[in-house]
Amino acid sequence: MEKQRIVVAPGDGIGPEITSAVLRILEAAGAPLEYDHIEIGQSVYAQGITSGVPTDAWAAIRRSGCLLKGPVTTPLGKGFKSVNVTIRKTLNLFANIRPCKAYSPSVASAHPGMNLVIVRENEEDLYAGIEHRQTPEVTQILKLITRPGTENIIRYAFEYARAYNRRKVTCMTKDNIMKLTDGLFHQVFEEVAAEYPEIASDHQIIDIGAARLAANPEIFDVIVTLNLYGDVLSDIAAQLAGSVGFASSSNIGHDCAMFEAVHGSAPDIAGKGVANPSGLLVAATQMLVHLGHGSVAETIKNAWLCTLEDGIHTADIYREQLSTQKVGTAGFTDAVIERLGRKPRQLEAVQYENKPIKIARRPTPPTVKELVGVDVFLDWDEDGRDPNVLGPRLAAAAIEGVELTLITNRGVKVYPDGIPETFCTDHWRCRFKSSGAPLAYTDVVRLLHSITEHGFEVIKTENLYTFDGQQGFSMGQGE
Ligand code: NAD
């Protein structure tokens with residue numbers, strides 16, 4: 001079989017030790033792979049490359065489309081970018097897949113029946129990192145949710161369920177509050193779920209869903225969610241499985257993919273030969289399935305399960321009652337290699353079919369978009385911050401055909417008909433709407449000019465659109 005070239009970045013801390021252990025097992029199992037080794041992280045930061053990834057490394061990753069990555073120490077201090085986030089976003093690795101399974105009774109877990117997968121959107125949401133300080137009192141971040149990004153991740157979750165014979169996909173959002181952003185994610189979930197009638201689906205509000213996950217992880221199969229929720233949920237789930245050291249993650253894009261352990265570079269044990277290589281090894285088996293080498297992945301994973309079952313454990317999972325032998329990285333690696341070709345007796349053996357998951361990019365359907373108003377945000381700290389003073393003064397600044405309909409503070413309606421108990425900061429959202437026909441953007445410019453002439457400080461605006469006649473903006477609380 002022709003060998004496939006992949007890129008290996010050992011990283012730092014325990015990275016080089018666990019990477020060479022994993023490569024030794026891949027070699028012994030006959031994985032049809034060849035490797036380009038690249039450096040990322042600490043040694044690269046030291047050369048003054050603040051992204052932590054040198055230019056020739058990008059070329060190698062793009063050529064091969066596949067990166068096996070050891071953990072990287074994130075330098076303290078400003079000016080350095082996280083290698084992980086940079087790689088994910090630069091290569092459009094939109095799906096983060098984290099299986100969380102208990103290996104009970106061989107490894108202690110409070111939830112022996114737990115076997116779930118978290119499919120986390122990996123690029124959007126608050127992680128777009130668009131933040132501003134707008135007034136002396138107020139900072140903001142933009143939460144961006146796109147239809148193509150959402151379709152990609154949700155389709156990936158269903159395709160994953162299909163490929164790995166999973167029965168149910170649960171979507172978690174907070175769309176009872178964030179009706180447009182999380183609402184889009186939920187809506188696309190319903191649309192895509194209908195294309196997979198053989199897979200059960202449900203939606204849970206993230207807070208109650210997370211509580212259920214913490215109490216009863218056994219009831220979940222595949223969970224698909226937005227970036228921030230997925231970040232939090234996947235750490236909780238890995239911890240619940242009882243084996244953060246085993247947790248692995250794949251970061252999948254249309255053209256490239258990256259596979260890594262969930263844990264960090266563990267500087268406290270680096271160089272001591274005691275690190276558990278399991279997280280990166282399980283990531284490597286995910287990589288083999290992704291590359292279409294399911295049978296090699298199966299051989300390795302089953303040998304690894306046998307090793308756990310035989311009680312041959314590294315210090316992080318060693319328990320006197322469950323373990324038979326405490327080994328270091330090399331001893332554990334030898335034990336896995338000795339067991340290649342064997343199947344576990346007590347733990348469930350794995351079986352992988354070669355069903356690579358491909359998600360097609362789909363165009364967004366055309367819509368009729370009309371400008372019907374504008375939210376004008378002001379920094380205003382006069383007259384005791386009384387909205388009943390601000391309202392009439394601002395209404396007088398409106399241009400013909402446009403009227404002030406609402407003022408909110410921190411999203412709560414304070415004018416007209418606010419109540420004095422509502423706390424007001426120096427940051428005001430003032431909603432102007434067309435009283436008749438749709439507006440042109442030049443109308444907004446004239447309005448802003450007039451508001452400025454009336455002595456107000458505009459800090460930003462958001463256009464109010466309808467799409468096919470549907471309102472593309474939320475109401476104020478109390479509106
Ligand atoms: P860590 O995961 O490196 O270590 C936490 C604890 O778990 C330590 O006690 C460590 O000894 C232990 N541990 C971790 N992996 C182990 C293994 N394979 N075998 C045995 N014990 C293991 O977390 P941290 O100390 O918070 O982070 C260290 C550095 O790693 C930081 O710079 C952090 O930013 C970075 N980090 C990188 C990644 C990544 O590259 N994907 C992920 C998380 C953290």
# chains A, B, ... in the order shown; residues from 1 in each chain; ligands from 1
$ closest_atom_pairs --of "chain A" --to "ligand 1" --cutoff "6 Å" --atoms "only C-alpha atoms and all ligand atoms" --output "tab-separated table"
residue	atom	partner	partner_atom_place_in_ligand_line	distance
A:Pro71	CA	ligand 1	40 (O)	3.4
A:Val72	CA	ligand 1	40 (O)	3.9
A:Thr73	CA	ligand 1	32 (O)	3.5
A:Thr74	CA	ligand 1	32 (O)	4.0
A:Gly245	CA	ligand 1	18 (N)	5.2
A:Val262	CA	ligand 1	41 (N)	5.6
A:His263	CA	ligand 1	2 (O)	3.7
A:Gly264	CA	ligand 1	3 (O)	3.2
A:Ser265	CA	ligand 1	30 (O)	4.1
A:Ala266	CA	ligand 1	3 (O)	3.3
A:Asp268	CA	ligand 1	11 (O)	5.4
A:Ile269	CA	ligand 1	11 (O)	5.3
A:Ala275	CA	ligand 1	19 (N)	3.7
A:Asn276	CA	ligand 1	19 (N)	3.8
A:Pro277	CA	ligand 1	18 (N)	5.4
A:Asp316	CA	ligand 1	20 (C)	5.1
$ residues_around --residues "Ala163 of chain A" --least-positions-apart "5" --cutoff "8 Å" --atoms "only C-alpha atoms" --output "list of chain:residue names"
A:Glu353, A:Lys355, A:Pro356, A:Ile357
$ write_last_selection --atoms "N, CA and C atoms" --output "PDB file, in the first residue's frame"
ATOM      1  N   GLU A 353     -15.429   1.169  10.503  1.00  0.00           N
ATOM      2  CA  GLU A 353     -15.607   1.003   9.070  1.00  0.00           C
ATOM      3  C   GLU A 353     -14.969   2.212   8.389  1.00  0.00           C
ATOM      4  N   LYS A 355     -15.514   4.890   6.569  1.00  0.00           N
ATOM      5  CA  LYS A 355     -16.522   5.777   5.984  1.00  0.00           C
ATOM      6  C   LYS A 355     -16.068   7.213   6.224  1.00  0.00           C
ATOM      7  N   PRO A 356     -15.142   7.709   5.401  1.00  0.00           N
ATOM      8  CA  PRO A 356     -14.675   9.079   5.622  1.00  0.00           C
ATOM      9  C   PRO A 356     -15.842  10.072   5.570  1.00  0.00           C
ATOM     10  N   ILE A 357     -15.815  11.056   6.442  1.00  0.00           N
ATOM     11  CA  ILE A 357     -16.922  12.014   6.521  1.00  0.00           C
ATOM     12  C   ILE A 357     -16.567  13.240   5.673  1.00  0.00           C
TER      13      ILE A 357
END
$ residues_around --residues "segment 142-149 of chain A" --least-positions-apart "5" --cutoff "9 Å" --atoms "only C-alpha atoms" --output "ChimeraX atom specification"
/A:94,121,123-132,154,180-182,184-185,188,226,361-364
$ closest_residue --among "A:Ser248, A:Gln470, A:Thr333, A:Asn463" --to "Arg24 of chain A" --atoms "only C-alpha atoms"
A:Thr333
$ select_by_dssp --residues "segment 10-135 of chain A" --states "helix (DSSP H, G or I)" --output "ChimeraX atom specification"
/A:15-28,42-45,55-64,83-90,126-128
$ atom_distance --atom1 "atom CA of His293 of chain A" --atom2 "atom CA of Asn354 of chain A"
6.9 Å
$ residues_around --residues "segment 237-243 of chain A" --least-positions-apart "5" --cutoff "9 Å" --atoms "only C-alpha atoms" --output "VMD selection string"
chain A and resid 98 to 103 107 to 112 114 to 118 213 to 214 217 232 262 316 to 317
$ residues_around --residues "Ala21 of chain A" --least-positions-apart "5" --cutoff "12 Å" --atoms "only C-alpha atoms" --output "list in words"
Pro10, Ile14, Gly15, Pro16, Leu26, Glu27, Ala28, Gly70, Gly273, Val274, Ala275, Asn276, Pro277, Ser278, Gly279, Leu280, Leu281, Ala284, Gly328, Thr329, Ala330, Gly331, Phe332, Thr333, Asp334, Ala335, Val336 and Ile337 of chain A
$ select_by_dssp --residues "segment 79-121 of chain A" --states "strand (DSSP E)" --output "list in words"
Ala95, Asn96, Ile97, Arg98, Pro99, Cys100, Lys101, Asn115, Leu116, Val117, Ile118, Val119, Arg120 and Glu121 of chain A
$ atom_distance --atom1 "atom CA of Asp36 of chain A" --atom2 "atom CA of Phe259 of chain A"
15.0 Å
$ residues_around --residues "Lys433 of chain A" --least-positions-apart "6" --cutoff "12 Å" --atoms "only C-alpha atoms" --output "number ranges by chain"
A: 371-376, 395, 398-407, 439, 443-444, 447, 462-466
$ residues_around --residues "Asp426 of chain A" --least-positions-apart "2" --cutoff "9 Å" --atoms "only C-alpha atoms" --output "list of chain:residue names"
A:Thr135, A:Pro136, A:Glu137, A:Val138, A:Leu378, A:Asp379, A:Trp380, A:Asp381, A:Glu382, A:Arg385, A:Asn409, A:Cys424, A:Trp428
$ write_last_selection --atoms "N, CA and C atoms" --output "PDB file, in the first residue's frame"
ATOM      1  N   THR A 135     -17.624  52.798  26.117  1.00  0.00           N
ATOM      2  CA  THR A 135     -17.848  53.957  26.990  1.00  0.00           C
ATOM      3  C   THR A 135     -16.977  53.731  28.216  1.00  0.00           C
ATOM      4  N   PRO A 136     -16.876  54.730  29.116  1.00  0.00           N
ATOM      5  CA  PRO A 136     -16.096  54.472  30.340  1.00  0.00           C
ATOM      6  C   PRO A 136     -16.595  53.242  31.098  1.00  0.00           C
ATOM      7  N   GLU A 137     -17.896  52.912  30.990  1.00  0.00           N
ATOM      8  CA  GLU A 137     -18.433  51.811  31.795  1.00  0.00           C
ATOM      9  C   GLU A 137     -18.637  50.503  31.041  1.00  0.00           C
ATOM     10  N   VAL A 138     -18.622  50.534  29.704  1.00  0.00           N
ATOM     11  CA  VAL A 138     -19.154  49.369  28.979  1.00  0.00           C
ATOM     12  C   VAL A 138     -18.175  48.786  27.952  1.00  0.00           C
ATOM     13  N   LEU A 378     -25.368  55.382  21.940  1.00  0.00           N
ATOM     14  CA  LEU A 378     -24.790  56.632  22.427  1.00  0.00           C
ATOM     15  C   LEU A 378     -24.002  56.412  23.707  1.00  0.00           C
ATOM     16  N   ASP A 379     -22.928  57.200  23.869  1.00  0.00           N
ATOM     17  CA  ASP A 379     -22.291  57.348  25.178  1.00  0.00           C
ATOM     18  C   ASP A 379     -22.885  58.630  25.753  1.00  0.00           C
ATOM     19  N   TRP A 380     -23.750  58.505  26.755  1.00  0.00           N
ATOM     20  CA  TRP A 380     -24.469  59.682  27.278  1.00  0.00           C
ATOM     21  C   TRP A 380     -24.493  59.604  28.796  1.00  0.00           C
ATOM     22  N   ASP A 381     -23.965  60.655  29.431  1.00  0.00           N
ATOM     23  CA  ASP A 381     -23.844  60.627  30.894  1.00  0.00           C
ATOM     24  C   ASP A 381     -24.221  61.992  31.464  1.00  0.00           C
ATOM     25  N   GLU A 382     -25.385  62.494  31.018  1.00  0.00           N
ATOM     26  CA  GLU A 382     -25.819  63.815  31.475  1.00  0.00           C
ATOM     27  C   GLU A 382     -27.148  63.694  32.220  1.00  0.00           C
ATOM     28  N   ARG A 385     -28.614  60.786  33.978  1.00  0.00           N
ATOM     29  CA  ARG A 385     -28.909  59.613  33.125  1.00  0.00           C
ATOM     30  C   ARG A 385     -30.413  59.329  33.119  1.00  0.00           C
ATOM     31  N   ASN A 409     -31.407  50.313  27.902  1.00  0.00           N
ATOM     32  CA  ASN A 409     -30.114  50.382  28.566  1.00  0.00           C
ATOM     33  C   ASN A 409     -29.791  48.960  29.018  1.00  0.00           C
ATOM     34  N   CYS A 424     -29.275  52.319  34.995  1.00  0.00           N
ATOM     35  CA  CYS A 424     -28.795  52.777  33.686  1.00  0.00           C
ATOM     36  C   CYS A 424     -27.302  53.051  33.718  1.00  0.00           C
ATOM     37  N   TRP A 428     -26.356  53.686  25.676  1.00  0.00           N
ATOM     38  CA  TRP A 428     -27.786  53.696  25.353  1.00  0.00           C
ATOM     39  C   TRP A 428     -28.001  53.194  23.938  1.00  0.00           C
TER      40      TRP A 428
END
$ closest_residue --among "A:Arg319, A:His186, A:Arg62, A:Lys69" --to "Asp12 of chain A" --atoms "only C-alpha atoms"
A:Lys69
$ closest_residue --among "A:Glu457, A:Glu370, A:Glu479, A:Asp235" --to "Arg431 of chain A" --atoms "only C-alpha atoms"
A:Glu479
$ closest_residue --among "A:Gly294, A:Gly391, A:Gly384, A:Pro344" --to "Thr425 of chain A" --atoms "only C-alpha atoms"
A:Gly384
$ atom_distance --atom1 "atom CA of Lys301 of chain A" --atom2 "atom CA of Thr285 of chain A"
6.8 Å
$ closest_residue --among "A:Ser104, A:Ser250, A:Thr324, A:Asn216" --to "Gln346 of chain A" --atoms "only C-alpha atoms"
A:Ser104
$ closest_residue --among "A:Ala283, A:Arg410, A:Ile359, A:Ala396" --to "Ser450 of chain A" --atoms "only C-alpha atoms"
A:Ala396
$ decode --residues "segment 364-383 of chain A" --atoms "N, CA and C atoms" --output "PDB file, in the first residue's frame"
ATOM      1  N   THR A 364     -25.979  29.655   0.436  1.00  0.00           N
ATOM      2  CA  THR A 364     -27.101  30.140   1.234  1.00  0.00           C
ATOM      3  C   THR A 364     -28.183  30.642   0.283  1.00  0.00           C
ATOM      4  N   PRO A 365     -29.455  30.252   0.495  1.00  0.00           N
ATOM      5  CA  PRO A 365     -30.510  30.688  -0.429  1.00  0.00           C
ATOM      6  C   PRO A 365     -30.643  32.216  -0.462  1.00  0.00           C
ATOM      7  N   PRO A 366     -30.972  32.785  -1.634  1.00  0.00           N
ATOM      8  CA  PRO A 366     -31.088  34.248  -1.719  1.00  0.00           C
ATOM      9  C   PRO A 366     -32.283  34.754  -0.896  1.00  0.00           C
ATOM     10  N   THR A 367     -32.172  35.971  -0.372  1.00  0.00           N
ATOM     11  CA  THR A 367     -33.281  36.551   0.399  1.00  0.00           C
ATOM     12  C   THR A 367     -33.461  38.010  -0.027  1.00  0.00           C
ATOM     13  N   VAL A 368     -34.647  38.540   0.204  1.00  0.00           N
ATOM     14  CA  VAL A 368     -34.895  39.960  -0.054  1.00  0.00           C
ATOM     15  C   VAL A 368     -34.652  40.708   1.257  1.00  0.00           C
ATOM     16  N   LYS A 369     -33.689  41.641   1.201  1.00  0.00           N
ATOM     17  CA  LYS A 369     -33.257  42.323   2.415  1.00  0.00           C
ATOM     18  C   LYS A 369     -33.644  43.803   2.324  1.00  0.00           C
ATOM     19  N   GLU A 370     -34.336  44.309   3.339  1.00  0.00           N
ATOM     20  CA  GLU A 370     -34.731  45.731   3.323  1.00  0.00           C
ATOM     21  C   GLU A 370     -34.316  46.415   4.616  1.00  0.00           C
ATOM     22  N   LEU A 371     -33.836  47.647   4.455  1.00  0.00           N
ATOM     23  CA  LEU A 371     -33.417  48.438   5.617  1.00  0.00           C
ATOM     24  C   LEU A 371     -34.642  49.167   6.170  1.00  0.00           C
ATOM     25  N   VAL A 372     -35.004  48.862   7.426  1.00  0.00           N
ATOM     26  CA  VAL A 372     -36.231  49.461   7.984  1.00  0.00           C
ATOM     27  C   VAL A 372     -35.945  50.357   9.191  1.00  0.00           C
ATOM     28  N   GLY A 373     -34.698  50.467   9.599  1.00  0.00           N
ATOM     29  CA  GLY A 373     -34.383  51.328  10.734  1.00  0.00           C
ATOM     30  C   GLY A 373     -32.933  51.185  11.133  1.00  0.00           C
ATOM     31  N   VAL A 374     -32.605  51.796  12.272  1.00  0.00           N
ATOM     32  CA  VAL A 374     -31.222  51.717  12.753  1.00  0.00           C
ATOM     33  C   VAL A 374     -31.221  51.853  14.283  1.00  0.00           C
ATOM     34  N   ASP A 375     -30.386  51.021  14.923  1.00  0.00           N
ATOM     35  CA  ASP A 375     -30.128  51.193  16.358  1.00  0.00           C
ATOM     36  C   ASP A 375     -28.896  52.078  16.484  1.00  0.00           C
ATOM     37  N   VAL A 376     -29.062  53.228  17.126  1.00  0.00           N
ATOM     38  CA  VAL A 376     -27.937  54.147  17.304  1.00  0.00           C
ATOM     39  C   VAL A 376     -27.511  54.053  18.773  1.00  0.00           C
ATOM     40  N   PHE A 377     -26.248  53.727  18.996  1.00  0.00           N
ATOM     41  CA  PHE A 377     -25.738  53.578  20.365  1.00  0.00           C
ATOM     42  C   PHE A 377     -25.025  54.870  20.773  1.00  0.00           C
ATOM     43  N   LEU A 378     -25.368  55.382  21.940  1.00  0.00           N
ATOM     44  CA  LEU A 378     -24.790  56.632  22.427  1.00  0.00           C
ATOM     45  C   LEU A 378     -24.002  56.412  23.707  1.00  0.00           C
ATOM     46  N   ASP A 379     -22.928  57.200  23.869  1.00  0.00           N
ATOM     47  CA  ASP A 379     -22.291  57.348  25.178  1.00  0.00           C
ATOM     48  C   ASP A 379     -22.885  58.630  25.753  1.00  0.00           C
ATOM     49  N   TRP A 380     -23.750  58.505  26.755  1.00  0.00           N
ATOM     50  CA  TRP A 380     -24.469  59.682  27.278  1.00  0.00           C
ATOM     51  C   TRP A 380     -24.493  59.604  28.796  1.00  0.00           C
ATOM     52  N   ASP A 381     -23.965  60.655  29.431  1.00  0.00           N
ATOM     53  CA  ASP A 381     -23.844  60.627  30.894  1.00  0.00           C
ATOM     54  C   ASP A 381     -24.221  61.992  31.464  1.00  0.00           C
ATOM     55  N   GLU A 382     -25.385  62.494  31.018  1.00  0.00           N
ATOM     56  CA  GLU A 382     -25.819  63.815  31.475  1.00  0.00           C
ATOM     57  C   GLU A 382     -27.148  63.694  32.220  1.00  0.00           C
ATOM     58  N   ASP A 383     -27.564  64.810  32.844  1.00  0.00           N
ATOM     59  CA  ASP A 383     -28.904  64.947  33.444  1.00  0.00           C
ATOM     60  C   ASP A 383     -29.303  63.740  34.274  1.00  0.00           C
TER      61      ASP A 383
END
